[in-house]
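Undergrad: Quick one: the structure is below, questions incoming.
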Amino acid sequence: MKELLSQFEDYLLDNLPKSNTFHPYFEDALGDMLKAGGKRFRPMLLLSVVKSNKSLLVPNSLPVALGIEMLHTYSLVHDDLPSMDNADLRRGFQTLHKKYDEVTAILVGDALNSEAFNQIVNAPLHNDIKVKLVQELATNGGIDGMIIGQAIDCYFENKKLELNQLEFLHIHKTAKLIAASLKMGAIISEYNEQIQEKLFNFGIDIGLLFQIQDDIIDETQSEEEAGKTTQNDEAKNSFVNLLGLEGAIKAADELAKKCESQLDSLDDGLRDSLNELLLKYINRHKN
């Protein structure tokens with residue numbers, strides 16, 4: 001897993017987006033949040049699935065993995081904007097609108113969004129595969145996924161949602177991109193449609209678990225511990241706000257057990273490839 005992550009990090013640093021302009025700092029801003037690190041969870045999901053069945057295609061898949069990381073990073077940059085969460089800290093660094101200005105942050109997010117798809121279409125993979133990958137990322141990162149989740153999240157601030165509505169919000173805002181990462185890995189490595197859908201559904205549960213864990217972290221950790229702005233969900237529809245801290249921890253425990261069971265049900269190669277990556281995250285709310 002460390003070798004796979006190292007491959008991805010090297011590729012990312014060699015392929016940071018460039019603006020080719022006389023703007024004094026826009027190119028630096030484009031790379032700041034990508035270089036800042038993060039878990040690299042979504043690209044590692046994709047690469048782990050590829051490695052399980054078509055390990056020789058891992059180098060060819062690196063642009064797709066970077067595309068997913070770019071799309072995810074754009075969503076974080078926009079999520080932190082004053083009109084949304086108005087956050088000061090992300091990945092242990094100043095958010096872009098704080099370090100530079102709001103216009104720069106908006107445009108960096110826009111650039112990373114479009115560059116994500118540019119990475120995919122230029123990957124050394126069969127064109128039929130790339131069409132499916134673009135469709136999957138556009139669907140789950142777009143209006144039927146992350147965007148509608150974010151829209152609901154912002155609109156319903158200070159308006160209490162029911163549990164099923166809260167789950168809908170976070171399945172779309174967070175879980176669908178995680179699920180897409182797994183499925184895109186399965187598309188590259190030519191797993192059959194049944195396994196692709198099984199991985200997608202597994203990713204939905206993993207993503208929902210991640211959101212509950214993030215809500216718990218927001219409630220219980222300092223900014224220094226979390227590496228991002230915390231104690232910032234008072235107006236939000238979070239699992240802690242709806243269920244209470246103990247209720248959110250119980251929900252996370254139950255979903256973590258379900259995810260462990262799903263992981264165990266995968267074929268040996270898939271399970272072994274995903275095991276090292278996932279097990280350290282599935283119970284992170286207990287740390």
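Here, A, B, ... name the chains of the structure tokens in the order displayed, residue numbers run from 1 inside each chain, and ligands are numbered from 1 in the same displayed order.
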Could you list, as a ChimeraX atom specification, every residue within 10 Å of Glu69 of chain A, counting only C-alpha atoms and ignoring same-chain residues fewer than 5 positions away?
TA: /A:12,34,38,40-44,63-64,74-75,112-113,116,181
Undergrad: Within 9 Å of Lys130 of chain A, counting only C-alpha atoms, which residues qualify if same-chain residues fewer than 3 places away don't, as a PyMOL selection string?
TA: chain A and resi 64+120-123+125-127+133-135+188
Undergrad: Running DSSP on the backbone, which parts of segment 20-269 of chain A land in alpha helix (DSSP H), as a ChimeraX atom specification?
TA: /A:26-35,41-53,58-79,96-99,102-121,127-141,146-155,163-170,176-188,193-220,223-226,239-265,268-269
Undergrad: May I ask which of the residues A:Asp128, A:Glu136, A:Glu162, A:Glu260 is the closest one to Lys183 of chain A, counting only C-alpha atoms?
TA: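 Distance minimum relative to Lys183 of chain A lands on A:Glu136.
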Undergrad: In Å, with one decimal, what is the gap from atom CA of Asp214 of chain A to atom CA of Gln165 of chain A?
TA: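 These atoms are spaced 17.9 Å apart.
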Undergrad: Per DSSP on the backbone, what are the strand (DSSP E or B) residues of segment 46-285 of chain A, as a ChimeraX atom specification?
TA: /A:89-90,93-94
Undergrad: Residues of the last selection are to be written out with C-alpha atoms, as a short mmCIF file (atom, residue, chain, number, x, y, z; two decimals), in the first residue's frame.
TA:
data_model
loop_
_atom_site.label_atom_id
_atom_site.label_comp_id
_atom_site.auth_asym_id
_atom_site.auth_seq_id
_atom_site.Cartn_x
_atom_site.Cartn_y
_atom_site.Cartn_z
CA LEU A 89 -8.07 25.66 7.79
CA ARG A 90 -7.90 22.70 5.42
CA PHE A 93 -3.01 24.80 5.91
CA GLN A 94 -4.80 28.09 5.36
#
Undergrad: Here is a test: counting only C-alpha atoms, which residue of A:His170, A:Lys250, A:Lys132, A:Arg271 is nearest to Lys286 of chain A?
TA: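 Selected residue with least distance to Lys286 of chain A: A:Lys250.
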Undergrad: List the spatial neighbours of Ala29 of chain A as a PyMOL selection string - criterion: any atom at most 12 Å away, only C-alpha atoms, same-chain residues fewer than 3 positions off excluded.
TA: chain A and resi 16-19+23-26+32-36+74+77+94-109+111-112
Undergrad: Take the residues from that selection and write them out as a compact mmCIF listing (two decimals), in the first residue's frame, keeping N, CA, C and O atoms.
TA:
# COMPACT_ATOMS: atom_id res chain seq x y z
N LEU A 16 1.23 18.53 -11.47
CA LEU A 16 0.44 19.61 -10.90
C LEU A 16 -0.07 20.51 -12.01
O LEU A 16 0.63 20.75 -13.00
N PRO A 17 -1.30 21.00 -11.90
CA PRO A 17 -1.84 21.85 -12.96
C PRO A 17 -1.05 23.14 -13.11
O PRO A 17 -0.58 23.72 -12.13
N LYS A 18 -0.89 23.58 -14.35
CA LYS A 18 -0.14 24.80 -14.65
C LYS A 18 -1.05 25.77 -15.39
O LYS A 18 -1.90 25.36 -16.19
N SER A 19 -0.84 27.05 -15.15
CA SER A 19 -1.71 28.05 -15.78
C SER A 19 -1.04 28.78 -16.95
O SER A 19 -1.73 29.42 -17.74
N HIS A 23 -0.01 35.83 -14.34
CA HIS A 23 -0.65 36.07 -13.04
C HIS A 23 0.38 35.79 -11.93
O HIS A 23 1.08 34.77 -11.96
N PRO A 24 0.49 36.66 -10.93
CA PRO A 24 1.57 36.53 -9.95
C PRO A 24 1.50 35.31 -9.04
O PRO A 24 2.54 34.88 -8.53
N TYR A 25 0.31 34.74 -8.82
CA TYR A 25 0.27 33.61 -7.88
C TYR A 25 -0.77 32.54 -8.22
O TYR A 25 -0.93 31.58 -7.47
N PHE A 26 -1.46 32.65 -9.34
CA PHE A 26 -2.54 31.69 -9.61
C PHE A 26 -2.02 30.27 -9.75
O PHE A 26 -2.62 29.32 -9.26
N ASP A 32 -1.61 24.37 -4.41
CA ASP A 32 -1.48 24.41 -2.95
C ASP A 32 -2.23 23.29 -2.24
O ASP A 32 -1.67 22.57 -1.41
N MET A 33 -3.51 23.15 -2.53
CA MET A 33 -4.31 22.16 -1.81
C MET A 33 -4.02 20.73 -2.25
O MET A 33 -4.21 19.79 -1.49
N LEU A 34 -3.53 20.56 -3.47
CA LEU A 34 -3.11 19.22 -3.90
C LEU A 34 -1.83 18.82 -3.18
O LEU A 34 -1.70 17.69 -2.70
N LYS A 35 -0.88 19.74 -3.09
CA LYS A 35 0.39 19.44 -2.41
C LYS A 35 0.22 19.34 -0.90
O LYS A 35 1.06 18.75 -0.22
N ALA A 36 -0.87 19.91 -0.37
CA ALA A 36 -1.08 19.90 1.08
C ALA A 36 -1.32 18.51 1.64
O ALA A 36 -1.24 18.31 2.85
N TYR A 74 -11.28 20.18 -5.51
CA TYR A 74 -12.11 21.33 -5.91
C TYR A 74 -13.31 21.46 -4.99
O TYR A 74 -13.68 22.57 -4.56
N VAL A 77 -12.21 23.05 -1.72
CA VAL A 77 -11.92 24.48 -1.88
C VAL A 77 -13.22 25.28 -1.89
O VAL A 77 -13.34 26.32 -1.21
N GLN A 94 -3.79 27.07 5.61
CA GLN A 94 -4.80 28.09 5.36
C GLN A 94 -5.63 27.74 4.13
O GLN A 94 -5.08 27.26 3.12
N THR A 95 -6.93 27.96 4.21
CA THR A 95 -7.76 27.79 3.03
C THR A 95 -7.38 28.85 1.99
O THR A 95 -6.82 29.90 2.32
N LEU A 96 -7.70 28.56 0.74
CA LEU A 96 -7.22 29.42 -0.35
C LEU A 96 -7.80 30.82 -0.29
O LEU A 96 -7.10 31.79 -0.61
N HIS A 97 -9.07 30.95 0.10
CA HIS A 97 -9.63 32.30 0.15
C HIS A 97 -9.02 33.13 1.27
O HIS A 97 -9.05 34.35 1.23
N LYS A 98 -8.46 32.46 2.28
CA LYS A 98 -7.75 33.17 3.35
C LYS A 98 -6.32 33.52 2.94
O LYS A 98 -5.83 34.61 3.21
N LYS A 99 -5.66 32.58 2.28
CA LYS A 99 -4.26 32.81 1.89
C LYS A 99 -4.16 33.81 0.74
O LYS A 99 -3.24 34.65 0.70
N TYR A 100 -5.09 33.71 -0.20
CA TYR A 100 -5.06 34.58 -1.37
C TYR A 100 -6.28 35.51 -1.33
O TYR A 100 -6.24 36.56 -0.71
N ASP A 101 -7.35 35.09 -1.97
CA ASP A 101 -8.60 35.86 -1.97
C ASP A 101 -9.72 34.95 -2.47
O ASP A 101 -9.46 33.86 -2.99
N GLU A 102 -10.96 35.41 -2.32
CA GLU A 102 -12.10 34.56 -2.64
C GLU A 102 -12.19 34.27 -4.13
O GLU A 102 -12.51 33.14 -4.54
N VAL A 103 -11.89 35.25 -4.97
CA VAL A 103 -11.94 35.04 -6.42
C VAL A 103 -10.96 33.94 -6.82
O VAL A 103 -11.30 33.05 -7.62
N THR A 104 -9.76 33.99 -6.29
CA THR A 104 -8.76 32.96 -6.60
C THR A 104 -9.25 31.59 -6.19
O THR A 104 -9.12 30.62 -6.94
N ALA A 105 -9.83 31.48 -4.99
CA ALA A 105 -10.33 30.19 -4.52
C ALA A 105 -11.43 29.65 -5.43
O ALA A 105 -11.44 28.46 -5.77
N ILE A 106 -12.34 30.50 -5.83
CA ILE A 106 -13.42 30.07 -6.72
C ILE A 106 -12.85 29.56 -8.04
O ILE A 106 -13.22 28.48 -8.54
N LEU A 107 -11.92 30.31 -8.62
CA LEU A 107 -11.39 29.94 -9.92
C LEU A 107 -10.47 28.72 -9.85
O LEU A 107 -10.43 27.93 -10.80
N VAL A 108 -9.75 28.56 -8.75
CA VAL A 108 -8.96 27.34 -8.57
C VAL A 108 -9.89 26.12 -8.54
O VAL A 108 -9.62 25.09 -9.17
N GLY A 109 -10.98 26.24 -7.80
CA GLY A 109 -11.95 25.14 -7.77
C GLY A 109 -12.48 24.83 -9.15
O GLY A 109 -12.57 23.66 -9.57
N ALA A 111 -11.03 25.40 -11.99
CA ALA A 111 -9.95 24.83 -12.80
C ALA A 111 -9.72 23.36 -12.46
O ALA A 111 -9.53 22.52 -13.36
N LEU A 112 -9.72 23.02 -11.18
CA LEU A 112 -9.51 21.63 -10.78
C LEU A 112 -10.65 20.74 -11.24
O LEU A 112 -10.45 19.57 -11.60
Undergrad: Please report the interatomic distance between atom CA of Ala175 of chain A and atom CA of Pro124 of chain A in Å with one decimal.
TA: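 These atoms are spaced 27.6 Å apart.
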Undergrad: Here is a test: counting only C-alpha atoms, which residue of A:Val50, A:Ile147, A:Leu66, A:Ala87 is nearest to Glu115 of chain A?
TA: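 Among the listed residues, the smallest separation from Glu115 of chain A belongs to A:Leu66.
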Undergrad: When you count only C-alpha atoms, which of these residues is closest to Ala180 of chain A: A:Asn140, A:Gln150, A:Gln213, A:Gln196?
TA: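 Ranked by minimum distance to Ala180 of chain A, first place goes to A:Asn140.
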Undergrad: Which is closest to Thr73 of chain A among A:Leu30, A:Ile217, A:Leu46, A:Ile195, if we use only C-alpha atoms?
TA: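 Among the listed residues, the smallest separation from Thr73 of chain A belongs to A:Leu30.
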Undergrad: Considering only C-alpha atoms, state which residue in the set A:Glu157, A:Asp110, A:Glu219, A:Glu193 is at the smallest distance from His285 of chain A.
TA: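 Of all the options, A:Glu219 lies closest to His285 of chain A.
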Undergrad: Any idea what the distance is between atom CA of Asn60 of chain A and atom CA of Leu277 of chain A?
TA: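 Separation of atom CA of Asn60 of chain A and atom CA of Leu277 of chain A: 20.7 Å.
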